[in-house]
Amino acid sequence: MKIGFLGGCFDPIHFGHLLAAQDAYEQFKLDRLILVPAAQTPLKPNEVQSDIKDRLSMLKASVEWDRRFEMSDVELKRGGISYTIDSARHFKALYPNDQLYWIIGGDQLPRLHLWKEITELVKLVEFIFLERPGYPIKAQPDIPGLKLHRCDGHLVAVSSTELRERCRLGLSLDYFVPHKAIVYINENRLYQDNT
């Protein structure tokens, strides 16, 4: 079985995340795709603003109808900084006979050598990196044993940081965020200044 994993803060989840998941799922004919929300990312220490319950609720509301996608709260339960190597070891123990793929944005390639225990990580997972169709492949990182696959994705120029700012300014999240997640954000008054 081929299992893909897409990590991130998902604070909030947006269509860029979901298009990346769908593109990788379809192009690599994955059998399963698991979204893995991070407790705290090591390279963006101030990225998470919502609590675990809110991020899981938004994620669930956005994908619960789609049988292709699953969620794992392993990093949230572990807490602290979420390192991919720890999650990859967890999933390899759960799925020892399956092929595991970690999905990343092409912008991560130049920093991949900085990932914790990268030489061990490449023994556990292959990487799928998303790029815009028609753009040349960036120089591949020189990491022994790295298995890297390009995915031509429908990359959307949107970030969770930008969406949180839109909330603070009272601007709409329509066409950026799944409707059920928008309803959750509004009902729980997420990302609004308390001043």
# chains A, B, ... in the order shown; residues from 1 in each chain; ligands from 1

call {"tool": "closest_atom_pairs", "arguments": {"of": "segment 96-145 of chain A", "to": "segment 28-35 of chain A", "cutoff": "10 Å", "atoms": "only C-alpha atoms", "output": "JSON lines"}}
result
{"residue": "A:Gln99", "atom": "CA", "partner": "A:Leu30", "partner_atom": "CA", "distance": 9.5}
{"residue": "A:Leu100", "atom": "CA", "partner": "A:Leu30", "partner_atom": "CA", "distance": 9.6}
{"residue": "A:Tyr101", "atom": "CA", "partner": "A:Leu30", "partner_atom": "CA", "distance": 9.0}
{"residue": "A:Trp102", "atom": "CA", "partner": "A:Ile34", "partner_atom": "CA", "distance": 9.8}
{"residue": "A:Ile103", "atom": "CA", "partner": "A:Leu33", "partner_atom": "CA", "distance": 9.8}
{"residue": "A:Ile128", "atom": "CA", "partner": "A:Phe28", "partner_atom": "CA", "distance": 8.8}

call {"tool": "write_last_selection", "arguments": {"atoms": "N, CA and C atoms", "output": "PDB file, in the first residue's frame"}}
result
ATOM      1  N   GLN A  99       4.634   1.518   1.616  1.00  0.00           N
ATOM      2  CA  GLN A  99       5.526   2.559   1.101  1.00  0.00           C
ATOM      3  C   GLN A  99       5.019   3.901   1.614  1.00  0.00           C
ATOM      4  N   LEU A 100       5.868   4.639   2.337  1.00  0.00           N
ATOM      5  CA  LEU A 100       5.469   5.898   2.944  1.00  0.00           C
ATOM      6  C   LEU A 100       6.062   7.085   2.179  1.00  0.00           C
ATOM      7  N   TYR A 101       5.215   8.086   1.931  1.00  0.00           N
ATOM      8  CA  TYR A 101       5.623   9.293   1.213  1.00  0.00           C
ATOM      9  C   TYR A 101       5.318  10.510   2.075  1.00  0.00           C
ATOM     10  N   TRP A 102       6.303  11.391   2.237  1.00  0.00           N
ATOM     11  CA  TRP A 102       6.074  12.642   2.959  1.00  0.00           C
ATOM     12  C   TRP A 102       5.970  13.750   1.926  1.00  0.00           C
ATOM     13  N   ILE A 103       4.867  14.502   1.961  1.00  0.00           N
ATOM     14  CA  ILE A 103       4.572  15.521   0.958  1.00  0.00           C
ATOM     15  C   ILE A 103       5.018  16.891   1.475  1.00  0.00           C
ATOM     16  N   ILE A 128       7.651  13.539  -1.737  1.00  0.00           N
ATOM     17  CA  ILE A 128       6.954  14.109  -2.886  1.00  0.00           C
ATOM     18  C   ILE A 128       6.985  15.618  -2.680  1.00  0.00           C
TER      19      ILE A 128
END

call {"tool": "residues_around", "arguments": {"residues": "Met71 of chain A", "least_positions_apart": "5", "cutoff": "12 Å", "atoms": "only C-alpha atoms", "output": "list in words"}}
result
Gly4, Phe5, Leu6, Gly7, Gly8, Phe10, Ala21, Arg32, Leu33, Ile34, Leu35, Val36, Pro37, Ala38, Arg55, Leu56, Ser57, Met58, Leu59, Lys60, Ala61, Ser62, Val63, Glu64, Asp66 and Leu76 of chain A

call {"tool": "residues_around", "arguments": {"residues": "segment 167-178 of chain A", "least_positions_apart": "2", "cutoff": "9 Å", "atoms": "only C-alpha atoms", "output": "short mmCIF file (atom, residue, chain, number, x, y, z; two decimals) with C-alpha atoms, in the first residue's frame"}}
result
data_model
loop_
_atom_site.label_atom_id
_atom_site.label_comp_id
_atom_site.auth_asym_id
_atom_site.auth_seq_id
_atom_site.Cartn_x
_atom_site.Cartn_y
_atom_site.Cartn_z
CA PRO A 12 -6.42 27.46 9.51
CA ILE A 13 -6.68 24.71 6.92
CA HIS A 14 -7.10 26.23 3.43
CA PHE A 15 -7.59 25.13 -0.16
CA GLY A 16 -3.83 25.27 -0.81
CA MET A 58 -11.49 22.82 11.45
CA ALA A 61 -15.07 19.81 9.28
CA SER A 62 -13.10 20.32 6.05
CA VAL A 63 -12.40 16.70 5.11
CA VAL A 158 -2.26 31.67 0.05
CA GLU A 162 -2.48 35.82 5.51
CA LEU A 163 -5.84 34.22 6.36
CA ARG A 164 -5.48 34.98 10.07
CA GLU A 165 -4.78 38.60 9.14
CA LYS A 180 -17.48 24.36 7.17
CA ALA A 181 -14.13 25.59 8.52
CA ILE A 182 -15.23 29.20 7.95
CA VAL A 183 -18.40 28.52 9.94
CA ILE A 185 -13.92 30.06 12.71
CA LEU A 190 -10.93 32.61 16.00
CA TYR A 191 -8.13 34.92 14.87
CA GLN A 192 -9.92 38.08 16.00
CA ASP A 193 -8.15 40.70 18.05
#

call {"tool": "residues_around", "arguments": {"residues": "Ala39 of chain A", "least_positions_apart": "5", "cutoff": "8 Å", "atoms": "only C-alpha atoms", "output": "list in words"}}
result
Cys9, Val48, Ile52, Glu75, Leu76, Lys77, Arg78, Gly79, Gly80, Ile81 and Ser82 of chain A

call {"tool": "select_by_dssp", "arguments": {"residues": "chain A", "states": "helix (DSSP H, G or I)", "output": "PyMOL selection string"}}
result
chain A and resi 15-27+52-63+74-78+84-94+106-114+118-124+160-168+179-187

call {"tool": "closest_residue", "arguments": {"among": "A:Asp23, A:Glu117, A:Asp11, A:Glu131", "to": "Ile143 of chain A", "atoms": "only C-alpha atoms"}}
result
A:Glu117

call {"tool": "closest_residue", "arguments": {"among": "A:Thr84, A:Arg150, A:Met1, A:Gln108", "to": "Val122 of chain A", "atoms": "only C-alpha atoms"}}
result
A:Thr84

call {"tool": "residues_around", "arguments": {"residues": "Glu26 of chain A", "least_positions_apart": "6", "cutoff": "12 Å", "atoms": "only C-alpha atoms", "output": "number ranges by chain"}}
result
A: 2-4, 19-20, 32-33, 68-69, 151-153

call {"tool": "write_last_selection", "arguments": {"atoms": "N, CA and C atoms", "output": "PDB file, in the first residue's frame"}}
result
ATOM      1  N   LYS A   2       0.424   2.275  -0.692  1.00  0.00           N
ATOM      2  CA  LYS A   2       1.145   3.554  -0.759  1.00  0.00           C
ATOM      3  C   LYS A   2       0.401   4.577   0.097  1.00  0.00           C
ATOM      4  N   ILE A   3       1.090   5.100   1.107  1.00  0.00           N
ATOM      5  CA  ILE A   3       0.466   6.040   2.039  1.00  0.00           C
ATOM      6  C   ILE A   3       1.223   7.354   2.000  1.00  0.00           C
ATOM      7  N   GLY A   4       0.486   8.440   1.795  1.00  0.00           N
ATOM      8  CA  GLY A   4       1.073   9.768   1.792  1.00  0.00           C
ATOM      9  C   GLY A   4       0.729  10.505   3.072  1.00  0.00           C
ATOM     10  N   LEU A  19      -5.605  21.137  -2.005  1.00  0.00           N
ATOM     11  CA  LEU A  19      -5.192  20.887  -3.389  1.00  0.00           C
ATOM     12  C   LEU A  19      -3.868  20.125  -3.428  1.00  0.00           C
ATOM     13  N   ALA A  20      -2.943  20.468  -2.539  1.00  0.00           N
ATOM     14  CA  ALA A  20      -1.668  19.748  -2.470  1.00  0.00           C
ATOM     15  C   ALA A  20      -1.913  18.273  -2.146  1.00  0.00           C
ATOM     16  N   ARG A  32      -3.860   5.830   0.480  1.00  0.00           N
ATOM     17  CA  ARG A  32      -4.331   6.596   1.634  1.00  0.00           C
ATOM     18  C   ARG A  32      -3.557   7.895   1.689  1.00  0.00           C
ATOM     19  N   LEU A  33      -4.195   8.940   2.228  1.00  0.00           N
ATOM     20  CA  LEU A  33      -3.502  10.191   2.476  1.00  0.00           C
ATOM     21  C   LEU A  33      -3.892  10.667   3.863  1.00  0.00           C
ATOM     22  N   ARG A  68     -11.026   9.827   0.881  1.00  0.00           N
ATOM     23  CA  ARG A  68      -9.614   9.692   0.492  1.00  0.00           C
ATOM     24  C   ARG A  68      -8.681  10.162   1.598  1.00  0.00           C
ATOM     25  N   PHE A  69      -9.157  11.073   2.443  1.00  0.00           N
ATOM     26  CA  PHE A  69      -8.290  11.720   3.424  1.00  0.00           C
ATOM     27  C   PHE A  69      -8.616  11.282   4.846  1.00  0.00           C
ATOM     28  N   CYS A 151       5.848  16.554  -8.002  1.00  0.00           N
ATOM     29  CA  CYS A 151       4.418  16.540  -8.248  1.00  0.00           C
ATOM     30  C   CYS A 151       4.044  17.905  -8.807  1.00  0.00           C
ATOM     31  N   ASP A 152       3.510  17.926 -10.021  1.00  0.00           N
ATOM     32  CA  ASP A 152       3.041  19.194 -10.582  1.00  0.00           C
ATOM     33  C   ASP A 152       1.711  19.522  -9.937  1.00  0.00           C
ATOM     34  N   GLY A 153       1.730  20.527  -9.099  1.00  0.00           N
ATOM     35  CA  GLY A 153       0.553  20.830  -8.304  1.00  0.00           C
ATOM     36  C   GLY A 153      -0.160  22.096  -8.721  1.00  0.00           C
TER      37      GLY A 153
END

call {"tool": "atom_distance", "arguments": {"atom1": "atom CA of Thr161 of chain A", "atom2": "atom CA of Glu70 of chain A"}}
result
24.0 Å

call {"tool": "atom_distance", "arguments": {"atom1": "atom CA of Ile104 of chain A", "atom2": "atom CA of Ser50 of chain A"}}
result
22.3 Å

call {"tool": "closest_residue", "arguments": {"among": "A:Lys123, A:Ile118, A:Pro42, A:His113", "to": "Asp142 of chain A", "atoms": "only C-alpha atoms"}}
result
A:His113

call {"tool": "closest_residue", "arguments": {"among": "A:Asp51, A:Leu18, A:Lys116, A:Phe129", "to": "Ile85 of chain A", "atoms": "only C-alpha atoms"}}
result
A:Lys116

call {"tool": "atom_distance", "arguments": {"atom1": "atom CA of Leu94 of chain A", "atom2": "atom CA of Pro141 of chain A"}}
result
28.4 Å

call {"tool": "select_by_dssp", "arguments": {"residues": "chain A", "states": "strand (DSSP E or B)", "output": "PyMOL selection string"}}
result
chain A and resi 2-8+32-37+69-71+99-105+126-131+148-152
